[in-house]
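Here is the file target.cif (mmCIF, C-alpha atoms and all ligand atoms; chains and numbers go by the auth columns).
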data_data
#
loop_
_atom_site.group_PDB
_atom_site.id
_atom_site.type_symbol
_atom_site.label_atom_id
_atom_site.label_comp_id
_atom_site.label_asym_id
_atom_site.label_seq_id
_atom_site.Cartn_x
_atom_site.Cartn_y
_atom_site.Cartn_z
_atom_site.B_iso_or_equiv
_atom_site.auth_seq_id
_atom_site.auth_asym_id
ATOM 1 C CA MET A 1 -11.964 4.287 16.219 0.00 1 A
ATOM 2 C CA LYS A 2 -12.512 0.529 16.208 0.00 2 A
ATOM 3 C CA LYS A 3 -14.368 -0.893 13.232 0.00 3 A
ATOM 4 C CA TYR A 4 -16.245 -4.166 13.300 0.00 4 A
ATOM 5 C CA PHE A 5 -16.376 -5.967 9.997 0.00 5 A
ATOM 6 C CA GLU A 6 -18.666 -8.689 8.794 0.00 6 A
ATOM 7 C CA ILE A 7 -17.574 -12.119 9.930 0.00 7 A
ATOM 8 C CA ARG A 8 -19.062 -13.518 6.716 0.00 8 A
ATOM 9 C CA LYS A 9 -16.621 -15.402 4.526 0.00 9 A
ATOM 10 C CA MET A 10 -16.515 -13.849 1.039 0.00 10 A
ATOM 11 C CA ASN A 11 -15.122 -15.137 -2.249 0.00 11 A
ATOM 12 C CA ASN A 12 -12.636 -13.250 -4.446 0.00 12 A
ATOM 13 C CA GLU A 13 -15.296 -11.585 -6.587 0.00 13 A
ATOM 14 C CA GLN A 14 -17.293 -10.428 -3.548 0.00 14 A
ATOM 15 C CA LEU A 15 -14.169 -8.975 -1.955 0.00 15 A
ATOM 16 C CA MET A 16 -13.204 -7.162 -5.163 0.00 16 A
ATOM 17 C CA ARG A 17 -16.770 -5.832 -5.538 0.00 17 A
ATOM 18 C CA ARG A 18 -16.434 -4.341 -2.052 0.00 18 A
ATOM 19 C CA ALA A 19 -13.146 -2.667 -3.064 0.00 19 A
ATOM 20 C CA ILE A 20 -14.819 -1.322 -6.207 0.00 20 A
ATOM 21 C CA ALA A 21 -17.829 -0.056 -4.184 0.00 21 A
ATOM 22 C CA LEU A 22 -15.372 1.785 -1.905 0.00 22 A
ATOM 23 C CA SER A 23 -13.725 3.383 -4.954 0.00 23 A
ATOM 24 C CA GLU A 24 -17.096 4.691 -6.148 0.00 24 A
ATOM 25 C CA GLU A 25 -18.113 5.961 -2.695 0.00 25 A
ATOM 26 C CA SER A 26 -14.753 7.725 -2.555 0.00 26 A
ATOM 27 C CA VAL A 27 -15.431 9.671 -5.761 0.00 27 A
ATOM 28 C CA SER A 28 -18.869 10.664 -4.424 0.00 28 A
ATOM 29 C CA ARG A 29 -17.154 12.070 -1.307 0.00 29 A
ATOM 30 C CA GLY A 30 -14.589 14.014 -3.353 0.00 30 A
ATOM 31 C CA GLY A 31 -11.709 11.549 -2.953 0.00 31 A
ATOM 32 C CA GLY A 32 -9.675 9.669 -5.567 0.00 32 A
ATOM 33 C CA PRO A 33 -11.306 6.727 -7.413 0.00 33 A
ATOM 34 C CA PHE A 34 -9.561 3.959 -5.480 0.00 34 A
ATOM 35 C CA GLY A 35 -10.748 1.471 -2.849 0.00 35 A
ATOM 36 C CA ALA A 36 -9.144 -1.512 -1.129 0.00 36 A
ATOM 37 C CA VAL A 37 -9.960 -4.270 1.314 0.00 37 A
ATOM 38 C CA ILE A 38 -7.680 -6.644 3.220 0.00 38 A
ATOM 39 C CA ALA A 39 -9.015 -10.074 4.069 0.00 39 A
ATOM 40 C CA GLN A 40 -7.815 -13.009 6.128 0.00 40 A
ATOM 41 C CA ALA A 41 -9.161 -16.336 4.884 0.00 41 A
ATOM 42 C CA GLY A 42 -11.951 -14.495 3.030 0.00 42 A
ATOM 43 C CA ARG A 43 -13.011 -12.351 5.997 0.00 43 A
ATOM 44 C CA ILE A 44 -12.526 -8.584 5.781 0.00 44 A
ATOM 45 C CA VAL A 45 -10.171 -7.177 8.418 0.00 45 A
ATOM 46 C CA ALA A 46 -9.851 -3.658 6.934 0.00 46 A
ATOM 47 C CA GLU A 47 -11.293 -1.505 4.207 0.00 47 A
ATOM 48 C CA ALA A 48 -10.325 1.953 2.989 0.00 48 A
ATOM 49 C CA SER A 49 -10.417 4.382 0.125 0.00 49 A
ATOM 50 C CA ASN A 50 -8.081 7.038 -1.178 0.00 50 A
ATOM 51 C CA SER A 51 -8.063 10.177 0.993 0.00 51 A
ATOM 52 C CA VAL A 52 -5.165 12.179 -0.524 0.00 52 A
ATOM 53 C CA THR A 53 -7.151 15.358 -1.173 0.00 53 A
ATOM 54 C CA ILE A 54 -9.467 14.976 1.827 0.00 54 A
ATOM 55 C CA ASP A 55 -6.616 14.552 4.364 0.00 55 A
ATOM 56 C CA ASN A 56 -4.001 16.592 2.473 0.00 56 A
ATOM 57 C CA ASP A 57 -1.826 13.477 2.629 0.00 57 A
ATOM 58 C CA PRO A 58 -0.093 12.502 -0.623 0.00 58 A
ATOM 59 C CA THR A 59 0.598 9.023 0.808 0.00 59 A
ATOM 60 C CA ALA A 60 -3.060 8.355 1.641 0.00 60 A
ATOM 61 C CA HIS A 61 -3.660 5.926 -1.208 0.00 61 A
ATOM 62 C CA ALA A 62 -6.387 3.330 -0.702 0.00 62 A
ATOM 63 C CA GLU A 63 -3.893 0.488 -0.217 0.00 63 A
ATOM 64 C CA VAL A 64 -1.702 2.377 2.281 0.00 64 A
ATOM 65 C CA ASN A 65 -4.776 3.494 4.260 0.00 65 A
ATOM 66 C CA CYS A 66 -6.033 -0.097 4.233 0.00 66 A
ATOM 67 C CA ILE A 67 -2.687 -1.535 5.410 0.00 67 A
ATOM 68 C CA ARG A 68 -2.599 0.982 8.275 0.00 68 A
ATOM 69 C CA GLN A 69 -6.120 -0.003 9.326 0.00 69 A
ATOM 70 C CA ALA A 70 -5.460 -3.740 9.069 0.00 70 A
ATOM 71 C CA ALA A 71 -2.256 -3.460 11.108 0.00 71 A
ATOM 72 C CA ALA A 72 -4.021 -1.380 13.780 0.00 72 A
ATOM 73 C CA HIS A 73 -7.011 -3.741 13.837 0.00 73 A
ATOM 74 C CA LEU A 74 -4.898 -6.902 14.103 0.00 74 A
ATOM 75 C CA GLY A 75 -2.300 -5.288 16.388 0.00 75 A
ATOM 76 C CA THR A 76 0.682 -6.298 14.258 0.00 76 A
ATOM 77 C CA PHE A 77 2.968 -4.858 11.574 0.00 77 A
ATOM 78 C CA ASP A 78 3.190 -8.287 9.922 0.00 78 A
ATOM 79 C CA LEU A 79 0.162 -8.932 7.723 0.00 79 A
ATOM 80 C CA SER A 80 1.288 -12.294 6.375 0.00 80 A
ATOM 81 C CA GLY A 81 -1.715 -14.560 6.040 0.00 81 A
ATOM 82 C CA CYS A 82 -3.759 -11.666 4.618 0.00 82 A
ATOM 83 C CA GLU A 83 -4.589 -10.719 1.021 0.00 83 A
ATOM 84 C CA ILE A 84 -5.359 -7.315 -0.505 0.00 84 A
ATOM 85 C CA TYR A 85 -8.101 -6.594 -3.020 0.00 85 A
ATOM 86 C CA THR A 86 -7.690 -3.220 -4.685 0.00 86 A
ATOM 87 C CA SER A 87 -9.808 -1.537 -7.334 0.00 87 A
ATOM 88 C CA CYS A 88 -6.604 -0.549 -9.194 0.00 88 A
ATOM 89 C CA GLU A 89 -3.150 -2.085 -9.601 0.00 89 A
ATOM 90 C CA PRO A 90 -1.023 -0.751 -6.729 0.00 90 A
ATOM 91 C CA CYS A 91 1.321 2.132 -7.598 0.00 91 A
ATOM 92 C CA PRO A 92 5.023 1.611 -6.739 0.00 92 A
ATOM 93 C CA MET A 93 4.563 3.229 -3.287 0.00 93 A
ATOM 94 C CA CYS A 94 1.632 0.936 -2.454 0.00 94 A
ATOM 95 C CA LEU A 95 3.390 -2.107 -3.901 0.00 95 A
ATOM 96 C CA GLY A 96 6.335 -1.334 -1.620 0.00 96 A
ATOM 97 C CA ALA A 97 3.973 -0.988 1.348 0.00 97 A
ATOM 98 C CA ILE A 98 2.365 -4.328 0.434 0.00 98 A
ATOM 99 C CA TYR A 99 5.782 -6.008 0.403 0.00 99 A
ATOM 100 C CA TRP A 100 6.721 -4.376 3.710 0.00 100 A
ATOM 101 C CA ALA A 101 3.415 -5.496 5.243 0.00 101 A
ATOM 102 C CA ARG A 102 4.182 -9.054 4.046 0.00 102 A
ATOM 103 C CA LEU A 103 0.724 -9.461 2.529 0.00 103 A
ATOM 104 C CA ASP A 104 0.431 -12.843 0.785 0.00 104 A
ATOM 105 C CA ARG A 105 -1.257 -11.867 -2.448 0.00 105 A
ATOM 106 C CA ILE A 106 -2.655 -8.984 -4.511 0.00 106 A
ATOM 107 C CA TYR A 107 -5.873 -8.905 -6.521 0.00 107 A
ATOM 108 C CA TYR A 108 -6.525 -5.825 -8.667 0.00 108 A
ATOM 109 C CA ALA A 109 -9.109 -4.642 -11.221 0.00 109 A
ATOM 110 C CA ASN A 110 -8.121 -1.467 -13.141 0.00 110 A
ATOM 111 C CA ASP A 111 -4.434 -1.300 -14.098 0.00 111 A
ATOM 112 C CA ARG A 112 -1.708 1.366 -14.282 0.00 112 A
ATOM 113 C CA LYS A 113 -2.589 2.200 -17.916 0.00 113 A
ATOM 114 C CA ASP A 114 -6.250 2.733 -16.993 0.00 114 A
ATOM 115 C CA ALA A 115 -5.074 5.058 -14.196 0.00 115 A
ATOM 116 C CA ALA A 116 -2.805 6.949 -16.635 0.00 116 A
ATOM 117 C CA ARG A 117 -5.736 7.499 -18.991 0.00 117 A
ATOM 118 C CA ILE A 118 -7.590 9.444 -16.269 0.00 118 A
ATOM 119 C CA GLY A 119 -4.538 11.483 -15.264 0.00 119 A
ATOM 120 C CA PHE A 120 -2.757 9.526 -12.513 0.00 120 A
ATOM 121 C CA ASP A 121 1.035 9.039 -12.435 0.00 121 A
ATOM 122 C CA ASP A 122 1.089 5.331 -11.476 0.00 122 A
ATOM 123 C CA ASP A 123 2.485 4.231 -14.858 0.00 123 A
ATOM 124 C CA PHE A 124 4.943 7.145 -15.037 0.00 124 A
ATOM 125 C CA ILE A 125 6.416 6.240 -11.636 0.00 125 A
ATOM 126 C CA TYR A 126 6.707 2.575 -12.692 0.00 126 A
ATOM 127 C CA GLN A 127 8.662 3.779 -15.757 0.00 127 A
ATOM 128 C CA GLU A 128 11.016 5.809 -13.551 0.00 128 A
ATOM 129 C CA MET A 129 11.788 2.895 -11.186 0.00 129 A
ATOM 130 C CA PRO A 130 14.121 0.829 -13.400 0.00 130 A
ATOM 131 C CA LEU A 131 16.077 3.912 -14.597 0.00 131 A
ATOM 132 C CA ASN A 132 19.498 4.670 -13.154 0.00 132 A
ATOM 133 C CA PRO A 133 19.082 7.443 -10.551 0.00 133 A
ATOM 134 C CA GLU A 134 20.925 9.945 -12.805 0.00 134 A
ATOM 135 C CA ASN A 135 18.314 9.390 -15.543 0.00 135 A
ATOM 136 C CA ARG A 136 15.236 9.846 -13.334 0.00 136 A
ATOM 137 C CA SER A 137 13.274 13.109 -13.398 0.00 137 A
ATOM 138 C CA LYS A 138 13.784 13.392 -9.608 0.00 138 A
ATOM 139 C CA GLN A 139 17.343 14.381 -8.609 0.00 139 A
ATOM 140 C CA MET A 140 18.979 12.256 -5.913 0.00 140 A
ATOM 141 C CA THR A 141 22.120 13.307 -4.050 0.00 141 A
ATOM 142 C CA ILE A 142 24.092 11.224 -1.573 0.00 142 A
ATOM 143 C CA LEU A 143 24.976 13.264 1.545 0.00 143 A
ATOM 144 C CA LEU A 144 26.851 12.325 4.777 0.00 144 A
ATOM 145 C CA PRO A 145 26.686 8.510 4.536 0.00 145 A
ATOM 146 C CA GLU A 146 29.709 8.269 6.838 0.00 146 A
ATOM 147 C CA GLU A 147 27.629 9.904 9.607 0.00 147 A
ATOM 148 C CA ALA A 148 24.382 8.047 8.870 0.00 148 A
ATOM 149 C CA VAL A 149 26.076 4.670 9.081 0.00 149 A
ATOM 150 C CA ARG A 150 26.314 5.046 12.886 0.00 150 A
ATOM 151 C CA ALA A 151 22.612 4.202 13.359 0.00 151 A
ATOM 152 C CA PHE A 152 23.006 1.195 11.059 0.00 152 A
ATOM 153 C CA ARG A 153 25.911 -0.076 13.175 0.00 153 A
ATOM 154 C CA MET A 154 23.860 0.446 16.357 0.00 154 A
ATOM 155 C CA TRP A 155 21.018 -1.598 14.812 0.00 155 A
ATOM 156 C CA GLU A 156 23.375 -4.370 13.706 0.00 156 A
ATOM 157 C CA GLU A 157 24.835 -4.621 17.182 0.00 157 A
ATOM 158 C CA ARG A 158 21.565 -4.468 19.110 0.00 158 A
ATOM 159 C CA ILE A 159 20.583 -7.957 20.197 0.00 159 A
ATOM 160 C CA ASP A 160 17.041 -7.263 21.502 0.00 160 A
ATOM 161 C CA LYS A 161 15.711 -5.491 18.391 0.00 161 A
ATOM 162 C CA THR A 162 12.353 -6.103 16.750 0.00 162 A
ATOM 163 C CA ALA A 163 13.314 -6.937 13.193 0.00 163 A
ATOM 164 C CA TYR A 164 10.886 -6.329 10.344 0.00 164 A
HETATM 165 N N1 LIG B . -3.665 1.908 -6.849 0.00 1 B
HETATM 166 C C1 LIG B . -3.763 3.232 -6.592 0.00 1 B
HETATM 167 N N2 LIG B . -3.263 4.097 -7.473 0.00 1 B
HETATM 168 C C2 LIG B . -3.362 5.419 -7.172 0.00 1 B
HETATM 169 N N3 LIG B . -2.935 6.489 -7.865 0.00 1 B
HETATM 170 C C3 LIG B . -3.269 7.591 -7.162 0.00 1 B
HETATM 171 N N4 LIG B . -3.902 7.254 -6.020 0.00 1 B
HETATM 172 C C4 LIG B . -3.972 5.886 -6.006 0.00 1 B
HETATM 173 C C5 LIG B . -4.517 4.940 -5.077 0.00 1 B
HETATM 174 O O1 LIG B . -5.086 5.249 -4.022 0.00 1 B
HETATM 175 N N5 LIG B . -4.376 3.622 -5.432 0.00 1 B
#

Spell out the structure here as structure tokens.
Ligand SMILES: Nc1nc2[nH]cnc2c(=O)[nH]1
Amino acid sequence: MKKYFEIRKMNNEQLMRRAIALSEESVSRGGGPFGAVIAQAGRIVAEASNSVTIDNDPTAHAEVNCIRQAAAHLGTFDLSGCEIYTSCEPCPMCLGAIYWARLDRIYYANDRKDAARIGFDDDFIYQEMPLNPENRSKQMTILLPEEAVRAFRMWEERIDKTAY
């Protein structure tokens, strides 16, 4: 479904207020209390809220949903030149997605501690990140790297690839 956004240029506070409004609408609909917008030179190109419980998708955070919409809307996986406004500091998954999308800048309102206070694991996952894998609560086991390396070699050797 194609969405048409306002062509009005908005300032940082207006864009964040839109993200916050989306977070409130989300709670009213039974979703998580998170909203995000992506803008290009102050003009909204995508907006989304958290839909984890609505879509049964644990990755459906507001920022990830918003990145997917912006990329679809602009027809590119490279969102450089765009900025994200999110009602809460991105969790590590969303921060990774923001880096992968090459977004220029992040604005956020609530932070990871605020999210922890209402029961979300954002801060816990941030605490796990710098730990050595053997000290994390999630076990990680290396398996068959000598077989998996074949695809990496194929990629390295391919001359007409689309790098990202
Ligand atoms: N920033 C952010 N943190 C979350 N924690 C759980 N869901 C979300 C989300 O959609 N956004």

Exercise for the section: State, in Å with one decimal place, the distance from atom CA of A:Val45 to atom CA of A:Asn110. Expected result: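 These atoms are spaced 22.4 Å apart.
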
Exercise for the section: Please measure the separation of atom CA of A:Asn50 and atom CA of A:Thr86, giving the value in Å to one decimal. Expected result: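 That distance, rounded to one decimal, is 10.8 Å.
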
Exercise for the section: Using all atoms listed in the file, find each residue with an atom at most 6 Å away from ligand LIG 1 (chain B) and format the answer as a ChimeraX atom specification. Expected result: /A:34,50,61-62,88-91,120,122

For those residues, write C-alpha atoms to a file as a CSV table (one decimal), in the frame of the given file.
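Saved to part-v3.csv:
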chain,number,residue,atom,x,y,z
A,34,PHE,CA,-9.6,4.0,-5.5
A,50,ASN,CA,-8.1,7.0,-1.2
A,61,HIS,CA,-3.7,5.9,-1.2
A,62,ALA,CA,-6.4,3.3,-0.7
A,88,CYS,CA,-6.6,-0.5,-9.2
A,89,GLU,CA,-3.2,-2.1,-9.6
A,90,PRO,CA,-1.0,-0.8,-6.7
A,91,CYS,CA,1.3,2.1,-7.6
A,120,PHE,CA,-2.8,9.5,-12.5
A,122,ASP,CA,1.1,5.3,-11.5

Completion exercise
atom CA of A:Arg18 sits from atom CA of A:Gly35 at a separation of 8.2 Å

Exercise for the section: Run the PyMOL selection byres (((chain A and resi 48) around 7) and not hetatm) on the file and write out the hits as a VMD selection string. Expected result: chain A and resid 35 to 37 46 to 47 49 to 50 62 65 to 66

Practice task
List the residues sitting within 9 Å of (-3.0, -11.8, -4.3) in the file's frame, using all atoms listed in the file, as a list of chain:residue names.
Solution key: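 Those within range, by chain then number, are A:Cys82, A:Glu83, A:Ile84, A:Tyr85, A:Leu103, A:Asp104, A:Arg105, A:Ile106, A:Tyr107, A:Tyr108.
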
Problem - Target residues per the PyMOL selection byres (((chain A and resi 21) around 10) and not hetatm), formatted as a ChimeraX atom specification - result: /A:15-20,22-26,33-36,49,87

Practice task
Compile the contact shell of A:Ile67 as an NGL selection string: residues with an atom at most 8 Å away, counting all atoms listed in the file, same-chain residues fewer than 6 positions apart removed.
Solution key: :A and (38 or 46 or 97-98 or 101)

For stretch 123-138 of chain A, I'd like the enclosing box, axis-aligned and padded by 4 Å on every side, reported as JSON with centre and edge lengths in Å to one decimal.
{"center_x": 11.7, "center_y": 7.1, "center_z": -12.7, "size_x": 26.4, "size_y": 20.6, "size_z": 14.1}

Problem - Minimum-distance residue to A:His73, chosen among A:Met93, A:Ala60, A:Ala148, A:Ala39 (using only C-alpha atoms) - result: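 Once distances to A:His73 are computed over only C-alpha atoms, the minimum belongs to A:Ala39.
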
Handout entry: Result set, the PyMOL selection byres (((chain A and resi 10) around 9) and not hetatm) on current file, as a ChimeraX atom specification
Key = /A:8-9,11-15,39,41-44

Problem - Residue nearest A:Lys138 among A:Ile125, A:Tyr164, A:Arg68, A:Glu157 (counting only C-alpha atoms) - result: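 Distance minimum relative to A:Lys138 lands on A:Ile125.
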
Handout entry: Counting all atoms listed in the file, the option among A:Asp78, A:Asp123, A:Asp114, A:Glu134 closest to A:Arg102
Key = A:Asp78
